[in-house]
>>> print(open('entry02.cif').read())   # mmCIF, C-alpha atoms
data_query
#
loop_
_atom_site.label_atom_id
_atom_site.label_comp_id
_atom_site.auth_asym_id
_atom_site.auth_seq_id
_atom_site.Cartn_x
_atom_site.Cartn_y
_atom_site.Cartn_z
CA MET A 59 80.56 90.88 -36.13
CA THR A 60 77.97 91.78 -38.77
CA CYS A 61 76.63 89.22 -41.23
CA GLU A 62 77.65 90.23 -44.75
CA LEU A 63 74.39 89.06 -46.31
CA CYS A 64 71.64 90.16 -43.92
CA GLY A 65 73.40 92.79 -41.82
CA ARG A 66 72.48 91.26 -38.46
CA ILE A 67 74.98 91.23 -35.60
CA GLN A 68 76.40 87.78 -34.98
CA GLN A 69 76.68 86.73 -31.35
CA THR A 70 79.92 85.05 -30.34
CA GLU A 71 79.35 81.96 -28.21
CA TRP A 72 82.11 81.47 -25.64
CA THR A 73 82.72 78.37 -23.55
CA LEU A 74 84.54 78.21 -20.25
CA GLY A 75 87.40 76.41 -21.96
CA ASP A 76 87.86 79.30 -24.39
CA PHE A 77 88.68 81.65 -21.51
CA PHE A 78 91.29 79.31 -20.04
CA ILE A 79 93.14 78.78 -23.33
CA PHE A 80 92.62 82.35 -24.58
CA HIS A 81 90.85 81.05 -27.65
CA GLN A 82 88.32 83.13 -29.59
CA PRO A 83 85.63 81.07 -31.35
CA GLN A 84 85.89 81.23 -35.14
CA MET A 85 83.15 83.21 -36.85
CA LEU A 86 82.30 83.12 -40.53
CA SER A 87 81.43 86.15 -42.64
CA ILE A 88 77.73 85.28 -42.62
CA CYS A 89 75.37 84.25 -39.83
CA GLU A 90 73.95 80.78 -39.27
CA ALA A 91 70.47 81.91 -40.35
CA CYS A 92 71.81 82.93 -43.77
CA ARG A 93 73.84 79.74 -44.04
CA GLN A 94 70.68 77.72 -43.57
CA GLN A 95 69.00 79.51 -46.48
CA PHE A 96 71.35 78.02 -49.07
CA THR A 97 69.59 75.12 -50.79
CA ARG A 98 71.52 71.85 -50.71
CA ILE A 99 71.13 69.56 -53.71
CA THR A 100 69.88 66.26 -52.34
CA GLY A 101 67.95 63.21 -53.46
CA ALA A 102 67.97 61.89 -57.01
CA VAL A 103 70.39 63.74 -59.27
CA CYS A 104 71.76 63.48 -62.77
CA ALA A 105 75.06 61.65 -62.43
CA GLU A 106 76.51 63.77 -65.23
CA CYS A 107 75.69 67.39 -64.32
CA GLY A 108 74.50 67.08 -60.71
CA CYS A 109 71.07 68.65 -61.17
CA GLN A 110 68.10 67.27 -59.26
CA SER A 111 66.56 64.81 -61.70
CA GLN A 112 64.83 61.45 -61.69
CA ILE A 113 66.48 60.70 -65.06
CA SER A 114 70.22 60.15 -65.40
CA PRO A 115 71.75 61.34 -67.58
CA CYS A 116 69.23 64.15 -67.96
CA ALA A 117 68.05 65.22 -71.43
CA GLU A 118 70.56 68.07 -71.59
CA CYS A 119 73.51 65.86 -70.67
CA GLU A 120 72.37 63.19 -73.12
CA ILE A 121 72.93 65.72 -75.89
CA TRP A 122 76.51 66.40 -74.72
CA LEU A 123 77.35 62.71 -74.45
CA THR A 124 75.77 61.85 -77.79
CA ALA A 125 77.84 64.61 -79.39
CA GLY A 126 80.98 62.84 -78.19
CA TYR A 127 82.01 65.10 -75.31
CA PRO A 128 83.71 63.40 -72.35
CA ALA A 129 81.69 62.55 -69.27
CA ILE A 130 82.40 64.84 -66.32
CA HIS A 131 80.31 63.31 -63.50
CA ASN A 132 79.75 66.67 -61.85
CA GLN A 133 78.90 66.93 -58.17
CA ALA A 134 77.08 70.17 -57.32
CA LEU A 135 76.60 71.11 -53.67
CA PHE A 136 73.94 73.83 -53.85
CA ALA A 137 71.20 75.18 -56.10
CA TYR A 138 71.97 78.47 -57.82
CA ASP A 139 68.95 80.18 -56.26
CA GLU A 140 68.35 83.72 -55.00
CA GLN A 141 70.41 83.23 -51.84
CA MET A 142 73.37 81.85 -53.78
CA GLN A 143 73.09 84.64 -56.35
CA GLN A 144 73.27 87.19 -53.53
CA TYR A 145 76.39 85.49 -52.20
CA PHE A 146 78.06 85.53 -55.62
CA LYS A 147 77.12 89.16 -56.13
CA GLN A 148 79.09 90.16 -53.05
CA TYR A 149 81.88 87.59 -53.26
CA LYS A 150 82.63 87.38 -56.95
CA PHE A 151 81.38 90.63 -58.45
CA GLN A 152 81.87 93.11 -55.60
CA GLY A 153 85.31 91.91 -54.51
CA GLY A 154 84.26 90.28 -51.24
CA TYR A 155 87.39 88.16 -50.91
CA HIS A 156 86.77 87.59 -47.20
CA LEU A 157 83.58 85.68 -48.10
CA ARG A 158 85.73 82.80 -49.35
CA ASP A 159 85.54 81.35 -45.84
CA VAL A 160 81.81 80.55 -46.17
CA PHE A 161 82.30 77.41 -48.29
CA GLN A 162 85.97 76.51 -47.82
CA GLU A 163 85.43 73.73 -45.31
CA MET A 164 82.48 72.21 -47.17
CA LEU A 165 84.35 72.05 -50.47
CA ALA A 166 87.44 70.63 -48.75
CA GLN A 167 85.35 67.85 -47.19
CA ARG A 168 83.76 66.97 -50.53
CA LEU A 169 87.15 66.78 -52.22
CA VAL A 170 88.41 64.44 -49.51
CA LYS A 171 85.56 62.08 -50.42
CA VAL A 172 86.33 62.38 -54.14
CA ALA A 173 90.01 61.60 -53.40
CA PRO A 174 91.60 62.69 -56.72
CA THR A 175 95.34 62.67 -57.33
CA MET A 176 95.10 66.25 -58.61
CA ILE A 177 92.69 69.12 -57.87
CA VAL A 178 92.52 71.60 -60.73
CA PRO A 179 90.61 74.89 -60.32
CA ILE A 180 89.11 76.54 -63.38
CA PRO A 181 91.31 79.57 -64.16
CA ILE A 182 90.18 83.12 -64.84
CA THR A 183 91.50 85.47 -67.51
CA ALA A 184 94.33 87.89 -66.76
CA GLU A 185 91.89 90.74 -67.28
CA THR A 186 89.51 89.33 -64.67
CA GLN A 187 92.40 88.71 -62.28
CA ASN A 188 93.47 92.34 -62.58
CA GLN A 189 89.94 93.63 -62.07
CA ARG A 190 88.82 91.30 -59.25
CA GLY A 191 92.18 90.61 -57.66
CA PHE A 192 91.55 86.91 -57.03
CA ASN A 193 90.33 83.67 -58.55
CA GLN A 194 87.10 82.88 -56.71
CA VAL A 195 87.60 79.13 -57.07
CA SER A 196 91.24 79.01 -55.93
CA ALA A 197 90.30 81.16 -52.93
CA TRP A 198 87.84 78.50 -51.76
CA LEU A 199 90.56 75.86 -52.02
CA GLU A 200 93.17 77.46 -49.77
CA LYS A 201 92.95 74.46 -47.43
CA CYS A 202 93.59 72.00 -50.27
CA GLU A 203 96.64 71.14 -52.33
CA ILE A 204 95.76 72.36 -55.79
CA ASN A 205 97.38 72.15 -59.21
CA GLU A 206 96.84 75.28 -61.27
CA ILE A 207 97.84 73.67 -64.56
CA LEU A 208 95.21 75.33 -66.77
CA THR A 209 95.33 78.85 -68.14
CA CYS A 210 92.92 80.89 -70.25
CA ILE A 211 93.75 81.57 -73.88
CA SER A 212 90.43 83.17 -74.79
CA THR A 213 90.60 86.73 -76.09
CA SER A 214 86.85 87.25 -75.80
CA LYS A 215 85.97 90.43 -73.92
CA ALA A 216 82.68 89.05 -72.67
CA VAL A 217 83.01 87.11 -69.41
CA GLN A 218 80.96 83.95 -68.98
CA SER A 219 78.46 85.53 -66.58
CA MET A 220 77.60 88.17 -69.18
CA LYS A 221 77.01 85.72 -72.02
CA THR A 222 73.67 84.34 -73.13
CA ARG A 223 73.12 80.59 -73.01
CA ARG A 224 73.58 80.37 -76.78
CA GLU A 225 76.85 82.32 -76.61
CA ARG A 226 78.13 80.00 -73.86
CA LEU A 227 77.37 76.93 -75.95
CA GLN A 228 79.23 78.37 -78.94
CA THR A 229 82.37 79.23 -76.96
CA THR A 230 85.55 77.78 -78.47
CA GLN A 231 88.24 76.06 -76.40
CA PRO A 232 89.40 78.74 -73.90
CA PHE A 233 92.02 76.66 -72.06
CA CYS A 234 95.50 75.28 -72.50
CA LEU A 235 98.11 73.85 -70.14
CA VAL A 236 100.44 76.27 -68.38
CA THR A 237 103.33 73.94 -69.26
CA GLU A 238 103.50 72.65 -72.80
CA ASN A 239 103.55 68.85 -73.19
CA LEU A 240 102.68 68.28 -69.53
CA ASP A 241 102.20 64.52 -69.06
CA LEU A 242 99.10 63.69 -67.01
CA THR A 243 99.20 59.96 -67.63
CA GLY A 244 97.64 58.04 -64.75
CA GLN A 245 96.25 61.11 -63.02
CA ARG A 246 92.73 61.07 -61.55
CA ILE A 247 91.76 64.71 -61.73
CA CYS A 248 88.95 66.68 -60.13
CA ILE A 249 88.20 70.00 -61.80
CA VAL A 250 86.56 72.58 -59.53
CA ASP A 251 84.42 75.50 -60.70
CA ASP A 252 81.94 77.88 -59.13
CA VAL A 253 78.69 77.34 -61.06
CA TYR A 254 77.57 74.69 -63.54
CA THR A 255 75.44 76.54 -66.10
CA THR A 256 75.62 74.79 -69.46
CA GLY A 257 78.61 72.55 -68.70
CA ARG A 258 80.59 73.92 -71.62
CA THR A 259 83.44 75.28 -69.48
CA LEU A 260 83.95 72.01 -67.62
CA ARG A 261 83.86 69.97 -70.80
CA HIS A 262 86.42 72.22 -72.47
CA ALA A 263 88.70 71.84 -69.44
CA SER A 264 88.18 68.07 -69.35
CA SER A 265 89.00 67.71 -73.05
CA CYS A 266 92.22 69.66 -72.57
CA LEU A 267 93.33 67.44 -69.68
CA TYR A 268 92.33 64.19 -71.39
CA GLU A 269 94.41 65.18 -74.40
CA SER A 270 97.41 65.34 -72.07
CA GLY A 271 96.89 61.82 -70.79
CA ALA A 272 94.60 62.15 -67.76
CA THR A 273 93.12 58.76 -66.90
CA GLN A 274 89.96 59.86 -65.12
CA ILE A 275 88.26 63.22 -64.66
CA CYS A 276 85.34 64.32 -62.51
CA THR A 277 84.17 67.79 -61.56
CA VAL A 278 82.82 69.57 -58.50
CA THR A 279 80.92 72.86 -58.54
CA LEU A 280 79.59 74.86 -55.63
CA ALA A 281 76.29 75.51 -57.41
CA ARG A 282 74.10 74.18 -60.20
#
>>> encode(input="entry02.cif", output="structure tokens")
Amino acid sequence: MTCELCGRIQQTEWTLGDFFIFHQPQMLSICEACRQQFTRITGAVCAECGCQSQISPCAECEIWLTAGYPAIHNQALFAYDEQMQQYFKQYKFQGGYHLRDVFQEMLAQRLVKVAPTMIVPIPITAETQNQRGFNQVSAWLEKCEINEILTCISTSKAVQSMKTRRERLQTTQPFCLVTENLDLTGQRICIVDDVYTTGRTLRHASSCLYESGATQICTVTLAR
């Protein structure tokens, strides 16, 4: 099997037990060498956005909180560096649906630790769904029980990845509940997204869910 990122042939490691039970070892879409090149976020982090920082909340998050936006307590697993950008290029923008397997287990394990009562993936627009064919976040969460209770109401033609930082910050509320008057009283919700950039998307989603009675909300993103 060829690694999707570097093109090298992956070697399948068999054990004697595999032959007796006719079991083929599971292989991911990328090789172990490429997996090791993703940069884990470790050490001191901002408790609000998940970036590596000795100050918490960081200066950027302090602005959000001072402006009255709800806290999101984001947990980010990896840095959005060159290796992660290459992954997203193939997975998200070139239709590499099979690459969802790279981070499925890791995200599932993190969500077990978070232990929310509801897992809510950030939705994509109908236009993006038609073009890409899948929601990149929901695809990662196939091993989890998710609640797709948010939908996009934005009519903006520009997708988030194409917007400047200033345009992202000026984005109006793009979400609403799929079911009107849905009661989320008592729910501890974890919102999951792909990349934390400015935090605007997650805060819009959090506001929408809090307005429907959610008791506690945190967020998890693959990258920051």
>>> atom_distance(input="entry02.cif", atom1="atom CA of Gln94 of chain A", atom2="atom CA of Tyr155 of chain A")
21.0 Å
>>> closest_residue(input="entry02.cif", among="A:Ala281, A:Cys104, A:Leu235, A:Ile113", to="Ser265 of chain A", atoms="all atoms listed in the file")
A:Leu235
>>> resolve_selection(input="entry02.cif", expression="the PyMOL selection byres ((chain A and resi 188-201) around 10)", output="JSON, numbers by chain")
{"A": [146, 149, 150, 151, 152, 153, 154, 155, 156, 157, 158, 159, 160, 161, 162, 163, 164, 165, 166, 169, 177, 178, 179, 180, 181, 182, 183, 184, 185, 186, 187, 202, 203, 204, 205, 206, 250, 251, 252, 253, 279, 280]}
>>> write_last_selection(input="entry02.cif", atoms="C-alpha atoms", output="tab-separated table (two decimals), keeping the file's coordinate frame")
chain	number	residue	atom	x	y	z
A	146	PHE	CA	78.06	85.53	-55.62
A	149	TYR	CA	81.88	87.59	-53.26
A	150	LYS	CA	82.63	87.38	-56.95
A	151	PHE	CA	81.38	90.63	-58.45
A	152	GLN	CA	81.87	93.11	-55.60
A	153	GLY	CA	85.31	91.91	-54.51
A	154	GLY	CA	84.26	90.28	-51.24
A	155	TYR	CA	87.39	88.16	-50.91
A	156	HIS	CA	86.77	87.59	-47.20
A	157	LEU	CA	83.58	85.68	-48.10
A	158	ARG	CA	85.73	82.80	-49.35
A	159	ASP	CA	85.54	81.35	-45.84
A	160	VAL	CA	81.81	80.55	-46.17
A	161	PHE	CA	82.30	77.41	-48.29
A	162	GLN	CA	85.97	76.51	-47.82
A	163	GLU	CA	85.43	73.73	-45.31
A	164	MET	CA	82.48	72.21	-47.17
A	165	LEU	CA	84.35	72.05	-50.47
A	166	ALA	CA	87.44	70.63	-48.75
A	169	LEU	CA	87.15	66.78	-52.22
A	177	ILE	CA	92.69	69.12	-57.87
A	178	VAL	CA	92.52	71.60	-60.73
A	179	PRO	CA	90.61	74.89	-60.32
A	180	ILE	CA	89.11	76.54	-63.38
A	181	PRO	CA	91.31	79.57	-64.16
A	182	ILE	CA	90.18	83.12	-64.84
A	183	THR	CA	91.50	85.47	-67.51
A	184	ALA	CA	94.33	87.89	-66.76
A	185	GLU	CA	91.89	90.74	-67.28
A	186	THR	CA	89.51	89.33	-64.67
A	187	GLN	CA	92.40	88.71	-62.28
A	202	CYS	CA	93.59	72.00	-50.27
A	203	GLU	CA	96.64	71.14	-52.33
A	204	ILE	CA	95.76	72.36	-55.79
A	205	ASN	CA	97.38	72.15	-59.21
A	206	GLU	CA	96.84	75.28	-61.27
A	250	VAL	CA	86.56	72.58	-59.53
A	251	ASP	CA	84.42	75.50	-60.70
A	252	ASP	CA	81.94	77.88	-59.13
A	253	VAL	CA	78.69	77.34	-61.06
A	279	THR	CA	80.92	72.86	-58.54
A	280	LEU	CA	79.59	74.86	-55.63
>>> resolve_selection(input="entry02.cif", expression="the PyMOL selection byres ((chain A and resi 106) around 10)", output="PDB file with C-alpha atoms, in the coordinates of the input")
ATOM      1  CA  VAL A 103      70.390  63.740 -59.270  1.00  0.00           C
ATOM      2  CA  CYS A 104      71.760  63.480 -62.770  1.00  0.00           C
ATOM      3  CA  ALA A 105      75.060  61.650 -62.430  1.00  0.00           C
ATOM      4  CA  CYS A 107      75.690  67.390 -64.320  1.00  0.00           C
ATOM      5  CA  GLY A 108      74.500  67.080 -60.710  1.00  0.00           C
ATOM      6  CA  CYS A 109      71.070  68.650 -61.170  1.00  0.00           C
ATOM      7  CA  SER A 114      70.220  60.150 -65.400  1.00  0.00           C
ATOM      8  CA  PRO A 115      71.750  61.340 -67.580  1.00  0.00           C
ATOM      9  CA  CYS A 116      69.230  64.150 -67.960  1.00  0.00           C
ATOM     10  CA  GLU A 118      70.560  68.070 -71.590  1.00  0.00           C
ATOM     11  CA  CYS A 119      73.510  65.860 -70.670  1.00  0.00           C
ATOM     12  CA  GLU A 120      72.370  63.190 -73.120  1.00  0.00           C
ATOM     13  CA  TRP A 122      76.510  66.400 -74.720  1.00  0.00           C
ATOM     14  CA  LEU A 123      77.350  62.710 -74.450  1.00  0.00           C
ATOM     15  CA  ALA A 129      81.690  62.550 -69.270  1.00  0.00           C
ATOM     16  CA  ILE A 130      82.400  64.840 -66.320  1.00  0.00           C
ATOM     17  CA  HIS A 131      80.310  63.310 -63.500  1.00  0.00           C
ATOM     18  CA  ASN A 132      79.750  66.670 -61.850  1.00  0.00           C
ATOM     19  CA  GLN A 133      78.900  66.930 -58.170  1.00  0.00           C
ATOM     20  CA  GLY A 257      78.610  72.550 -68.700  1.00  0.00           C
ATOM     21  CA  CYS A 276      85.340  64.320 -62.510  1.00  0.00           C
ATOM     22  CA  THR A 277      84.170  67.790 -61.560  1.00  0.00           C
TER      23      THR A 277
END
>>> closest_residue(input="entry02.cif", among="A:Val172, A:Ile99, A:Ala272, A:Ile121", to="Asp139 of chain A", atoms="all atoms listed in the file")
A:Ile99
>>> resolve_selection(input="entry02.cif", expression="the PyMOL selection byres ((chain A and resi 140) around 12)", output="PyMOL selection string")
chain A and resi 63+92+95-97+136-139+141-147+281
>>> atom_distance(input="entry02.cif", atom1="atom CA of Glu90 of chain A", atom2="atom CA of Ala102 of chain A")
26.6 Å
>>> residues_around(input="entry02.cif", residues="Ile211 of chain A", least_positions_apart="5", cutoff="9 Å", atoms="all atoms listed in the file", output="number ranges by chain")
A: 183, 231-234
>>> closest_residue(input="entry02.cif", among="A:Val278, A:Glu269, A:Thr237, A:Cys61", to="Gln167 of chain A", atoms="only C-alpha atoms")
A:Val278
>>> atom_distance(input="entry02.cif", atom1="atom CA of Leu135 of chain A", atom2="atom CA of Thr60 of chain A")
25.5 Å
>>> axis_aligned_box(input="entry02.cif", around="segment 228-238 of chain A", padding_each_side="4 Å", output="lines of an AutoDock Vina configuration file")
center_x = 91.4
center_y = 75.9
center_z = -73.7
size_x = 32.3
size_y = 14.6
size_z = 18.6
>>> residues_near_point(input="entry02.cif", point="(96.4, 67.5, -73.5)", cutoff="12 Å", atoms="all atoms listed in the file", output="CSV table (one decimal) with C-alpha atoms, in the frame of the given file")
chain,number,residue,atom,x,y,z
A,207,ILE,CA,97.8,73.7,-64.6
A,208,LEU,CA,95.2,75.3,-66.8
A,233,PHE,CA,92.0,76.7,-72.1
A,234,CYS,CA,95.5,75.3,-72.5
A,235,LEU,CA,98.1,73.8,-70.1
A,236,VAL,CA,100.4,76.3,-68.4
A,237,THR,CA,103.3,73.9,-69.3
A,238,GLU,CA,103.5,72.6,-72.8
A,239,ASN,CA,103.6,68.8,-73.2
A,240,LEU,CA,102.7,68.3,-69.5
A,241,ASP,CA,102.2,64.5,-69.1
A,242,LEU,CA,99.1,63.7,-67.0
A,243,THR,CA,99.2,60.0,-67.6
A,262,HIS,CA,86.4,72.2,-72.5
A,263,ALA,CA,88.7,71.8,-69.4
A,264,SER,CA,88.2,68.1,-69.4
A,265,SER,CA,89.0,67.7,-73.0
A,266,CYS,CA,92.2,69.7,-72.6
A,267,LEU,CA,93.3,67.4,-69.7
A,268,TYR,CA,92.3,64.2,-71.4
A,269,GLU,CA,94.4,65.2,-74.4
A,270,SER,CA,97.4,65.3,-72.1
A,271,GLY,CA,96.9,61.8,-70.8
A,272,ALA,CA,94.6,62.2,-67.8
A,273,THR,CA,93.1,58.8,-66.9
